[in-house]
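my_file.txt (compact mmCIF, C-alpha atoms and all ligand atoms) appears below.
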```txt
# COMPACT_ATOMS: atom_id res chain seq x y z
CA MET A 1 27.20 -38.57 11.23
CA LEU A 2 29.46 -39.81 8.49
CA TYR A 3 28.46 -42.96 6.64
CA THR A 4 30.09 -44.94 3.87
CA LEU A 5 28.45 -44.69 0.47
CA LYS A 6 27.15 -48.23 0.85
CA GLU A 7 25.65 -47.44 4.26
CA ILE A 8 23.93 -44.27 3.06
CA PHE A 9 22.47 -46.11 0.05
CA ASN A 10 21.12 -48.73 2.45
CA LYS A 11 19.77 -46.19 4.91
CA TYR A 12 17.99 -44.16 2.18
CA LYS A 13 16.89 -47.13 0.09
CA ASP A 14 14.31 -45.40 -2.05
CA SER A 15 16.15 -42.25 -2.98
CA ALA A 16 19.17 -40.93 -4.80
CA ILE A 17 21.71 -38.83 -2.90
CA ALA A 18 23.11 -35.49 -4.04
CA SER A 19 26.89 -35.20 -4.20
CA PHE A 20 28.44 -31.74 -4.32
CA ASN A 21 32.11 -30.88 -4.83
CA VAL A 22 33.71 -28.97 -1.98
CA TYR A 23 37.14 -27.39 -1.90
CA ASN A 24 37.06 -24.57 0.68
CA LEU A 25 35.06 -23.41 3.71
CA GLU A 26 32.46 -21.61 1.58
CA THR A 27 31.56 -24.66 -0.50
CA ILE A 28 31.44 -26.85 2.63
CA GLN A 29 29.18 -24.39 4.49
CA ALA A 30 26.88 -23.94 1.50
CA VAL A 31 26.43 -27.70 0.97
CA ALA A 32 26.01 -28.45 4.67
CA ASN A 33 23.40 -25.70 5.16
CA ALA A 34 21.50 -26.82 2.06
CA ALA A 35 21.33 -30.41 3.35
CA LYS A 36 20.26 -29.22 6.79
CA LEU A 37 17.54 -26.92 5.44
CA GLU A 38 16.20 -29.64 3.13
CA ASP A 39 16.62 -32.28 5.84
CA LYS A 40 18.29 -34.70 3.40
CA PRO A 41 21.51 -36.72 3.36
CA VAL A 42 24.39 -35.36 1.33
CA ILE A 43 27.78 -36.32 -0.09
CA PHE A 44 30.74 -33.95 0.28
CA ALA A 45 33.08 -34.74 -2.64
CA PHE A 46 36.67 -33.52 -2.77
CA GLY A 47 38.45 -34.28 -6.04
CA GLU A 48 42.05 -35.32 -6.61
CA SER A 49 42.38 -32.55 -9.21
CA TYR A 50 41.38 -30.06 -6.46
CA PHE A 51 44.26 -31.04 -4.16
CA ARG A 52 46.08 -27.93 -5.41
CA TYR A 53 43.36 -25.67 -3.98
CA ALA A 54 43.03 -27.08 -0.47
CA ASN A 55 44.76 -29.41 1.94
CA ILE A 56 42.90 -32.70 2.27
CA GLU A 57 43.38 -32.77 6.05
CA ASP A 58 41.74 -29.33 6.34
CA ILE A 59 38.83 -30.40 4.13
CA ALA A 60 38.30 -33.58 6.15
CA PHE A 61 38.45 -31.66 9.42
CA ALA A 62 35.98 -28.98 8.28
CA VAL A 63 33.50 -31.50 6.83
CA LYS A 64 33.60 -33.69 9.95
CA ARG A 65 33.10 -30.69 12.20
CA ILE A 66 30.09 -29.28 10.36
CA VAL A 67 28.48 -32.73 9.89
CA LYS A 68 28.66 -33.17 13.65
CA GLU A 69 27.43 -29.67 14.45
CA LEU A 70 24.45 -29.83 12.09
CA GLU A 71 23.77 -33.52 12.79
CA LEU A 72 23.78 -34.39 9.10
CA ASP A 73 23.71 -37.82 7.49
CA ALA A 74 26.64 -37.47 5.12
CA VAL A 75 29.48 -39.12 3.23
CA LEU A 76 33.01 -37.75 2.92
CA HIS A 77 34.01 -38.87 -0.57
CA LEU A 78 37.16 -38.64 -2.69
CA ASP A 79 36.15 -37.76 -6.25
CA HIS A 80 37.97 -38.92 -9.41
CA ALA A 81 41.23 -40.28 -8.02
CA LYS A 82 43.57 -41.45 -10.76
CA LYS A 83 46.37 -42.29 -8.35
CA ILE A 84 46.28 -45.00 -5.69
CA GLU A 85 48.34 -42.72 -3.38
CA SER A 86 45.46 -40.20 -3.42
CA ILE A 87 43.10 -42.94 -2.29
CA ARG A 88 45.46 -43.94 0.50
CA LEU A 89 45.77 -40.28 1.54
CA ALA A 90 41.99 -39.83 1.67
CA LEU A 91 41.49 -43.05 3.64
CA ASN A 92 44.16 -41.98 6.09
CA ASN A 93 42.13 -38.80 6.56
CA ASN A 94 38.94 -40.70 7.43
CA PHE A 95 37.21 -40.38 4.06
CA THR A 96 34.33 -42.86 4.15
CA SER A 97 34.17 -43.32 0.40
CA VAL A 98 36.61 -43.06 -2.50
CA MET A 99 36.39 -43.09 -6.27
CA TYR A 100 39.05 -44.68 -8.43
CA ASP A 101 38.75 -43.34 -11.97
CA GLY A 102 40.49 -45.54 -14.50
CA SER A 103 37.97 -44.75 -17.23
CA ALA A 104 40.64 -43.42 -19.61
CA LEU A 105 42.67 -46.65 -19.34
CA ILE A 106 42.25 -49.86 -21.27
CA LEU A 107 39.73 -52.19 -19.61
CA ASP A 108 42.24 -54.69 -18.13
CA GLU A 109 44.26 -51.92 -16.53
CA ASN A 110 41.15 -50.22 -15.18
CA ILE A 111 40.02 -53.53 -13.66
CA ARG A 112 43.46 -54.26 -12.19
CA ASN A 113 43.79 -50.82 -10.57
CA THR A 114 40.19 -50.79 -9.37
CA ILE A 115 40.81 -54.10 -7.56
CA VAL A 116 43.84 -52.53 -5.83
CA ALA A 117 41.65 -49.56 -4.83
CA ARG A 118 38.91 -51.91 -3.66
CA ASN A 119 41.25 -53.92 -1.43
CA LEU A 120 42.65 -50.73 0.03
CA SER A 121 39.24 -49.16 0.71
CA LYS A 122 38.06 -52.44 2.25
CA ASP A 123 41.00 -52.39 4.68
CA PHE A 124 39.72 -49.01 5.89
CA GLY A 125 36.03 -50.00 5.91
CA ALA A 126 35.27 -47.42 3.20
CA SER A 127 33.19 -47.68 0.02
CA LEU A 128 34.52 -47.61 -3.52
CA GLU A 129 33.08 -46.03 -6.66
CA ALA A 130 34.67 -46.66 -10.06
CA GLU A 131 33.95 -45.60 -13.63
CA ILE A 132 33.45 -47.33 -16.92
CA GLY A 133 32.88 -45.46 -20.19
CA TYR A 134 34.54 -42.13 -20.88
CA LEU A 135 33.70 -38.63 -19.65
CA ASN A 136 35.63 -35.38 -20.12
CA SER A 137 37.88 -34.00 -17.37
CA GLU A 138 36.38 -33.23 -13.95
CA ASP A 139 36.64 -29.44 -14.18
CA GLY A 140 34.87 -29.45 -17.57
CA ASN A 141 37.71 -27.42 -19.11
CA GLU A 142 38.67 -29.98 -21.72
CA ASP A 143 37.06 -29.03 -25.02
CA TYR A 144 35.46 -32.37 -25.66
CA ILE A 145 32.41 -33.37 -27.63
CA ILE A 146 30.82 -36.47 -26.15
CA SER A 147 29.78 -39.08 -28.68
CA SER A 148 27.81 -42.28 -28.20
CA LYS A 149 30.96 -44.32 -28.86
CA ASP A 150 32.16 -43.12 -25.42
CA PHE A 151 29.00 -44.35 -23.70
CA THR A 152 29.28 -47.23 -21.26
CA ASP A 153 28.96 -50.60 -22.94
CA ARG A 154 26.40 -52.74 -21.11
CA ASN A 155 28.36 -55.99 -21.23
CA ILE A 156 31.64 -54.34 -20.30
CA ALA A 157 29.87 -52.74 -17.31
CA LYS A 158 28.70 -56.20 -16.25
CA GLU A 159 32.16 -57.73 -16.62
CA PHE A 160 33.73 -54.77 -14.79
CA SER A 161 31.34 -54.88 -11.85
CA GLU A 162 31.64 -58.66 -11.48
CA LYS A 163 35.43 -58.55 -11.52
CA THR A 164 35.82 -55.56 -9.21
CA SER A 165 32.85 -55.78 -6.79
CA VAL A 166 32.66 -52.00 -6.49
CA ASP A 167 29.94 -50.38 -4.36
CA ALA A 168 28.88 -47.88 -7.03
CA LEU A 169 29.51 -47.51 -10.74
CA ALA A 170 29.80 -44.21 -12.65
CA ILE A 171 28.63 -44.49 -16.23
CA SER A 172 28.72 -42.47 -19.43
CA VAL A 173 25.27 -42.04 -20.97
CA GLY A 174 25.41 -38.60 -22.60
CA ASN A 175 26.49 -36.78 -19.44
CA VAL A 176 29.59 -34.53 -19.42
CA HIS A 177 31.35 -32.48 -16.76
CA GLY A 178 30.99 -28.73 -17.02
CA ILE A 179 28.70 -26.64 -19.18
CA TYR A 180 26.77 -28.55 -21.85
CA LYS A 181 27.10 -27.52 -25.46
CA GLY A 182 23.42 -27.62 -26.39
CA THR A 183 20.72 -29.44 -24.45
CA PRO A 184 21.88 -32.53 -22.57
CA SER A 185 20.13 -35.72 -23.59
CA LEU A 186 20.71 -38.82 -21.48
CA ASP A 187 20.40 -42.34 -22.85
CA LEU A 188 17.81 -43.31 -20.24
CA GLN A 189 17.21 -46.75 -21.71
CA ARG A 190 20.93 -47.56 -21.43
CA ILE A 191 20.88 -46.64 -17.72
CA LYS A 192 18.05 -49.11 -17.19
CA GLU A 193 19.78 -51.88 -19.14
CA ILE A 194 23.10 -51.37 -17.36
CA TYR A 195 21.36 -51.39 -13.98
CA GLU A 196 19.55 -54.62 -14.81
CA LEU A 197 22.89 -56.23 -15.65
CA VAL A 198 25.08 -54.90 -12.80
CA ASN A 199 22.50 -54.45 -10.03
CA ILE A 200 24.61 -51.99 -8.06
CA PRO A 201 23.96 -48.26 -7.48
CA LEU A 202 24.85 -46.19 -10.55
CA VAL A 203 26.38 -42.71 -10.47
CA LEU A 204 25.60 -39.78 -12.75
CA HIS A 205 28.52 -37.38 -13.09
CA GLY A 206 28.09 -34.03 -14.83
CA SER A 207 24.58 -33.44 -13.52
CA SER A 208 24.74 -29.62 -13.66
CA GLY A 209 22.28 -28.41 -16.26
CA ILE A 210 20.30 -31.65 -16.67
CA ASP A 211 16.57 -31.01 -16.39
CA GLU A 212 14.32 -32.39 -13.66
CA TYR A 213 12.53 -34.87 -15.92
CA GLN A 214 15.77 -36.54 -17.03
CA ILE A 215 17.18 -36.53 -13.49
CA ASN A 216 14.04 -38.23 -12.20
CA MET A 217 13.96 -40.77 -15.04
CA ALA A 218 17.67 -41.50 -14.50
CA ILE A 219 16.94 -42.16 -10.80
CA LYS A 220 14.00 -44.35 -11.69
CA ASN A 221 16.27 -46.37 -13.98
CA GLY A 222 19.07 -47.01 -11.45
CA ILE A 223 21.03 -43.82 -10.71
CA ARG A 224 21.55 -43.40 -6.94
CA LYS A 225 24.20 -40.67 -6.76
CA ILE A 226 23.87 -37.35 -8.59
CA ASN A 227 27.12 -35.37 -8.89
CA VAL A 228 26.90 -31.58 -9.12
CA ASN A 229 29.74 -29.07 -9.17
CA THR A 230 29.69 -26.60 -12.10
CA ASP A 231 26.29 -25.05 -11.45
CA LEU A 232 27.25 -24.03 -7.91
CA ALA A 233 30.54 -22.54 -9.06
CA VAL A 234 29.12 -20.68 -12.06
CA CYS A 235 26.15 -19.27 -10.12
CA ALA A 236 28.42 -18.14 -7.26
CA VAL A 237 30.66 -16.26 -9.69
CA GLY A 238 27.58 -14.78 -11.38
CA ALA A 239 26.27 -13.48 -8.06
CA MET A 240 29.62 -11.92 -7.17
CA LYS A 241 29.88 -10.36 -10.63
CA GLU A 242 26.42 -8.85 -10.30
CA ARG A 243 27.36 -7.33 -6.96
CA ILE A 244 30.61 -5.89 -8.38
CA ASN A 245 28.85 -4.47 -11.44
CA LYS A 246 26.16 -2.80 -9.33
CA SER A 247 28.58 -1.31 -6.85
CA ASN A 248 30.38 1.99 -7.29
CA ARG A 249 33.08 1.31 -4.70
CA PRO A 250 35.72 -1.41 -4.23
CA GLU A 251 34.08 -4.53 -2.84
CA ARG A 252 35.39 -6.40 0.17
CA LEU A 253 36.30 -10.06 -0.31
CA GLU A 254 34.44 -11.32 2.77
CA LYS A 255 31.21 -9.73 1.47
CA LEU A 256 31.63 -11.31 -1.96
CA LEU A 257 32.34 -14.70 -0.39
CA GLU A 258 29.22 -14.37 1.73
CA ILE A 259 27.17 -13.66 -1.42
CA ALA A 260 28.80 -16.63 -3.17
CA THR A 261 28.06 -18.96 -0.24
CA ARG A 262 24.43 -17.90 -0.13
CA GLU A 263 24.08 -18.48 -3.86
CA MET A 264 25.73 -21.93 -3.72
CA GLN A 265 23.45 -22.89 -0.84
CA SER A 266 20.40 -21.92 -2.85
CA VAL A 267 21.57 -23.84 -5.95
CA ALA A 268 22.41 -26.91 -3.84
CA ARG A 269 18.93 -26.78 -2.29
CA LYS A 270 17.42 -26.65 -5.78
CA TYR A 271 19.25 -29.86 -6.78
CA ILE A 272 18.40 -31.64 -3.52
CA ARG A 273 14.73 -30.81 -4.06
CA MET A 274 14.88 -31.87 -7.71
CA ILE A 275 16.47 -35.22 -6.79
CA ASN A 276 13.84 -35.88 -4.16
CA SER A 277 10.86 -34.63 -6.14
CA ASN A 278 9.78 -38.10 -7.31
CA ASN A 279 9.95 -39.86 -3.94
P1 LIG A 301 29.37 -30.97 -13.05
O1 LIG A 301 30.54 -30.09 -12.73
O2 LIG A 301 29.11 -31.00 -14.50
O3 LIG A 301 28.19 -30.63 -12.24
O4 LIG A 301 29.81 -32.45 -12.63
C1 LIG A 301 30.26 -32.71 -11.34
C2 LIG A 301 30.81 -34.07 -11.22
O5 LIG A 301 30.41 -34.98 -11.92
C3 LIG A 301 31.84 -34.30 -10.20
O6 LIG A 301 32.34 -35.59 -10.21
```
Translate the structure of the given file into structure tokens.
Amino acid sequence: MLYTLKEIFNKYKDSAIASFNVYNLETIQAVANAAKLEDKPVIFAFGESYFRYANIEDIAFAVKRIVKELELDAVLHLDHAKKIESIRLALNNNFTSVMYDGSALILDENIRNTIVARNLSKDFGASLEAEIGYLNSEDGNEDYIISSKDFTDRNIAKEFSEKTSVDALAISVGNVHGIYKGTPSLDLQRIKEIYELVNIPLVLHGSSGIDEYQINMAIKNGIRKINVNTDLAVCAVGAMKERINKSNRPERLEKLLEIATREMQSVARKYIRMINSNN
């Protein structure tokens, strides 16, 4: 069944939950099957910047249907909403969790807007995630080099969480969306210190490509939600490319999509296992 983020954190107290971005039937099927096969809870995340690729009502319908059919413990989450109207739209479509992302704004404005998002999500009985500290754009396309000056400031995180009472806080600790330039290196000590100050579940965006040791240490230090998107997308395209390159005749789309779905399912299973490997 569908839970709010807060409820799923409470139900699975000792573990972190994998969150995968979905934006069509293939991504939804792949994520749902992976969660079922691993027998773990999962978060289906649909981002505001993906509204152009799929209708939110269709996404909500498809996620709700498959969660019911496979008897999953899951969350239907709106990822990176910069507009309050997107949050309202998601809540009207039974999303059980939403993220307001005001991380690019000045602190006061981020706090003000996050409080509006919090009041709105509360009215619908949904959870709210927000972000403090800067990350590059959600699709990883922005050519951005992360520097430690963008990392989440511990005291600002404390002030932000106290003033907004969010259910989960996304932080910047060396993580970026998309493909890493070089080897990712998380500031694990900062995660611990922020968690000690805010005492609410922390969220790691940009988890594609981070190794198992760092994922496990991040979880140990306070991360409860691990966001993955790029790795599924890149591996799916790789698998389709391989098939096209090997074939000497025109390929049919439904076959390629089947290959892509299978690949995404296998990558999602890998992350679910990695996240749960230290429990
Ligand atoms: P990646 O695309 O880098 O895996 O990040 C996903 C994410 O953080 C979605 O919010």
Show me, as CSV, the residues of chain A having an atom within 8 Å of ligand LIG 301 (chain A), each with the closest atom pair and its distance in Å, using all atoms listed in the file.
```
residue,atom,partner,partner_atom,distance
A:Ser19,CA,A:LIG301,C3,7.8
A:Phe20,CA,A:LIG301,C3,7.3
A:Asn21,CA,A:LIG301,C3,6.4
A:Ala45,CA,A:LIG301,O6,7.7
A:Gly47,CA,A:LIG301,O6,7.5
A:Asp79,CA,A:LIG301,O6,5.9
A:His80,CA,A:LIG301,O6,6.6
A:Glu138,CA,A:LIG301,C3,6.0
A:Asp139,CA,A:LIG301,O1,6.3
A:Gly140,CA,A:LIG301,O1,6.5
A:Val176,CA,A:LIG301,O2,6.1
A:His177,CA,A:LIG301,O2,3.5
A:Gly178,CA,A:LIG301,O2,3.9
A:Ile179,CA,A:LIG301,O2,6.4
A:Leu204,CA,A:LIG301,O5,6.8
A:His205,CA,A:LIG301,O5,3.3
A:Gly206,CA,A:LIG301,O4,3.2
A:Ser207,CA,A:LIG301,O3,4.8
A:Ser208,CA,A:LIG301,O3,3.9
A:Gly209,CA,A:LIG301,O3,7.5
A:Ile226,CA,A:LIG301,O5,7.7
A:Asn227,CA,A:LIG301,O5,4.5
A:Val228,CA,A:LIG301,O3,3.5
A:Asn229,CA,A:LIG301,O3,3.8
A:Thr230,CA,A:LIG301,O1,3.6
A:Asp231,CA,A:LIG301,O3,5.9
A:Leu232,CA,A:LIG301,O3,7.9
```
(message) Nearest residue to Thr27 (chain A) out of A:Ala268, A:Val198, A:Ala74, A:Leu105, using only C-alpha atoms?
(response)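 Answer, going by the shortest atom-to-atom distance: A:Ala268.
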(message) Which residue is closest to Phe160 (chain A)? Choose from A:Gly174, A:Pro41, A:Gly102, A:Gly238 and count only C-alpha atoms.
(response)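 Among A:Gly174, A:Pro41, A:Gly102, A:Gly238, it is A:Gly102 that comes nearest to Phe160 (chain A).
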Would you pick out the contacts of Lys64 (chain A) at 9 Å or less, using all atoms listed in the file, so that residues sharing its chain but fewer than 6 positions from it are not included, and give the list as an mmCIF file with C-alpha atoms, keeping the file's coordinate frame?
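Writing the result to result_23.cif gives the following:
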```
data_model
loop_
_atom_site.group_PDB
_atom_site.id
_atom_site.type_symbol
_atom_site.label_atom_id
_atom_site.label_comp_id
_atom_site.auth_asym_id
_atom_site.auth_seq_id
_atom_site.Cartn_x
_atom_site.Cartn_y
_atom_site.Cartn_z
ATOM 1 C CA MET A 1 27.200 -38.570 11.230
ATOM 2 C CA LEU A 2 29.460 -39.810 8.490
ATOM 3 C CA LEU A 76 33.010 -37.750 2.920
#
```
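Neighbouring residues of Asp187 (chain A) at 12 Å or closer, counting all atoms listed in the file and skipping chain neighbours under 5 positions away, are Ser147, Ser148, Phe151, Thr152, Asp153, Ile171, Ser172, Val173, Gly174, Asn175, Lys192, Glu193, Ile194, Leu204, Gln214, Ile215, Met217, Ala218 and Asn221 of chain A.
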(message) Could you tell me how far CA of Phe46 (chain A) sits from CA of Glu251 (chain A), in Å to one decimal place?
(response)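 That distance, rounded to one decimal, is 29.1 Å.
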(request) Name the closest residue to Val203 (chain A) among the candidates A:Lys225, A:Arg88, A:Lys220, A:Lys6; distances are taken between atoms, counting all atoms listed in the file. (result) A:Lys225
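Taking only C-alpha atoms into account, Ser103 (chain A) lies nearest to A:Ile132 out of the set A:Leu78, A:Ile115, A:Leu25, A:Ile132.
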(message) Let me make sure I understand: among A:Ala130, A:Ala32, A:Met240, A:Val22, which one has the smallest atom-to-atom distance to Ala168 (chain A) if we use only C-alpha atoms?
(response)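 Looking only at the distances to Ala168 (chain A), the closest residue turns out to be A:Ala130.
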(message) Between CA of Ala170 (chain A) and CA of Val98 (chain A), what distance in Å does the model show, to one decimal?
(response)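 Spanning CA of Ala170 (chain A) to CA of Val98 (chain A) is a straight-line distance of 12.3 Å.
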(request) In Å, rounded to a single decimal, give me how far CA of Met99 (chain A) is from CA of Ile84 (chain A). (result)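 So the two atoms, CA of Ile84 (chain A) and CA of Met99 (chain A), lie 10.1 Å apart.
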(request) Could you tell me which of A:Ala157, A:Ile259, A:Ile56, A:Val267 comes closest to Ser86 (chain A) if we count only C-alpha atoms? (result)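 Ranked by minimum distance to Ser86 (chain A), first place goes to A:Ile56.
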Emit as AutoDock Vina command-line options the padded axis-aligned box for all listed atoms of region 240-244 of chain A, 8 Å per side, with centre and edge lengths in Å to one decimal.
```
--center_x 28.5 --center_y -8.9 --center_z -8.8 --size_x 20.2 --size_y 22.0 --size_z 19.7
```
(message) List as a PyMOL selection string the residues having at least one atom at most 9 Å from position (34.3, -49.7, 1.9) as given in the file, counting all atoms listed in the file.
(response) chain A and resi 4-6+96-98+118-128+166-167
Supply region 22-47 of chain A as a compact mmCIF listing (two decimals), in the frame of the given file, with N, CA, C and O atoms built in where the input has gaps.
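rebuild.txt was written with the following content:
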```txt
# COMPACT_ATOMS: atom_id res chain seq x y z
N VAL A 22 33.30 -30.00 -2.95
CA VAL A 22 33.71 -28.97 -1.98
C VAL A 22 35.22 -28.83 -2.03
O VAL A 22 35.93 -29.79 -2.28
N TYR A 23 35.70 -27.61 -1.82
CA TYR A 23 37.14 -27.39 -1.90
C TYR A 23 37.60 -26.18 -1.07
O TYR A 23 38.72 -25.72 -1.18
N ASN A 24 36.70 -25.65 -0.25
CA ASN A 24 37.06 -24.57 0.68
C ASN A 24 35.93 -24.45 1.71
O ASN A 24 34.92 -25.16 1.62
N LEU A 25 36.08 -23.52 2.66
CA LEU A 25 35.06 -23.41 3.71
C LEU A 25 33.70 -23.00 3.15
O LEU A 25 32.66 -23.46 3.62
N GLU A 26 33.73 -22.12 2.13
CA GLU A 26 32.46 -21.61 1.58
C GLU A 26 31.64 -22.73 0.95
O GLU A 26 30.44 -22.84 1.18
N THR A 27 32.31 -23.57 0.14
CA THR A 27 31.56 -24.66 -0.50
C THR A 27 31.05 -25.64 0.56
O THR A 27 29.92 -26.13 0.48
N ILE A 28 31.86 -25.92 1.56
CA ILE A 28 31.44 -26.85 2.63
C ILE A 28 30.24 -26.29 3.39
O ILE A 28 29.25 -27.00 3.62
N GLN A 29 30.30 -25.01 3.76
CA GLN A 29 29.18 -24.39 4.49
C GLN A 29 27.91 -24.39 3.66
O GLN A 29 26.82 -24.70 4.16
N ALA A 30 28.05 -24.02 2.38
CA ALA A 30 26.88 -23.94 1.50
C ALA A 30 26.19 -25.30 1.37
O ALA A 30 24.96 -25.41 1.50
N VAL A 31 26.99 -26.34 1.15
CA VAL A 31 26.43 -27.70 0.97
C VAL A 31 25.81 -28.20 2.28
O VAL A 31 24.71 -28.76 2.30
N ALA A 32 26.51 -27.99 3.37
CA ALA A 32 26.01 -28.45 4.67
C ALA A 32 24.69 -27.76 5.02
O ALA A 32 23.72 -28.40 5.43
N ASN A 33 24.64 -26.44 4.84
CA ASN A 33 23.40 -25.70 5.16
C ASN A 33 22.25 -26.14 4.26
O ASN A 33 21.11 -26.25 4.72
N ALA A 34 22.55 -26.38 2.99
CA ALA A 34 21.50 -26.82 2.06
C ALA A 34 20.92 -28.15 2.52
O ALA A 34 19.70 -28.34 2.56
N ALA A 35 21.80 -29.09 2.90
CA ALA A 35 21.33 -30.41 3.35
C ALA A 35 20.51 -30.28 4.62
O ALA A 35 19.48 -30.93 4.79
N LYS A 36 20.97 -29.42 5.53
CA LYS A 36 20.26 -29.22 6.79
C LYS A 36 18.86 -28.63 6.52
O LYS A 36 17.86 -29.11 7.05
N LEU A 37 18.83 -27.58 5.70
CA LEU A 37 17.54 -26.92 5.44
C LEU A 37 16.56 -27.83 4.71
O LEU A 37 15.36 -27.74 4.91
N GLU A 38 17.08 -28.70 3.86
CA GLU A 38 16.20 -29.64 3.13
C GLU A 38 15.98 -30.93 3.91
O GLU A 38 15.21 -31.78 3.48
N ASP A 39 16.73 -31.09 5.00
CA ASP A 39 16.62 -32.28 5.84
C ASP A 39 16.85 -33.56 5.02
O ASP A 39 16.07 -34.50 5.06
N LYS A 40 17.96 -33.56 4.26
CA LYS A 40 18.29 -34.70 3.40
C LYS A 40 19.76 -35.07 3.59
O LYS A 40 20.58 -34.22 3.95
N PRO A 41 20.10 -36.33 3.29
CA PRO A 41 21.51 -36.72 3.36
C PRO A 41 22.29 -36.08 2.22
O PRO A 41 21.69 -35.68 1.21
N VAL A 42 23.60 -36.01 2.37
CA VAL A 42 24.39 -35.36 1.33
C VAL A 42 25.80 -35.95 1.27
O VAL A 42 26.29 -36.49 2.26
N ILE A 43 26.41 -35.84 0.09
CA ILE A 43 27.78 -36.32 -0.09
C ILE A 43 28.69 -35.12 -0.34
O ILE A 43 28.41 -34.32 -1.24
N PHE A 44 29.73 -35.00 0.48
CA PHE A 44 30.74 -33.95 0.28
C PHE A 44 31.86 -34.60 -0.54
O PHE A 44 32.52 -35.54 -0.06
N ALA A 45 32.09 -34.11 -1.76
CA ALA A 45 33.08 -34.74 -2.64
C ALA A 45 34.27 -33.80 -2.86
O ALA A 45 34.08 -32.65 -3.28
N PHE A 46 35.45 -34.30 -2.55
CA PHE A 46 36.67 -33.52 -2.77
C PHE A 46 37.50 -34.27 -3.81
O PHE A 46 37.84 -35.43 -3.62
N GLY A 47 37.80 -33.59 -4.92
CA GLY A 47 38.45 -34.28 -6.04
C GLY A 47 39.97 -34.23 -5.99
O GLY A 47 40.55 -33.25 -5.52
```
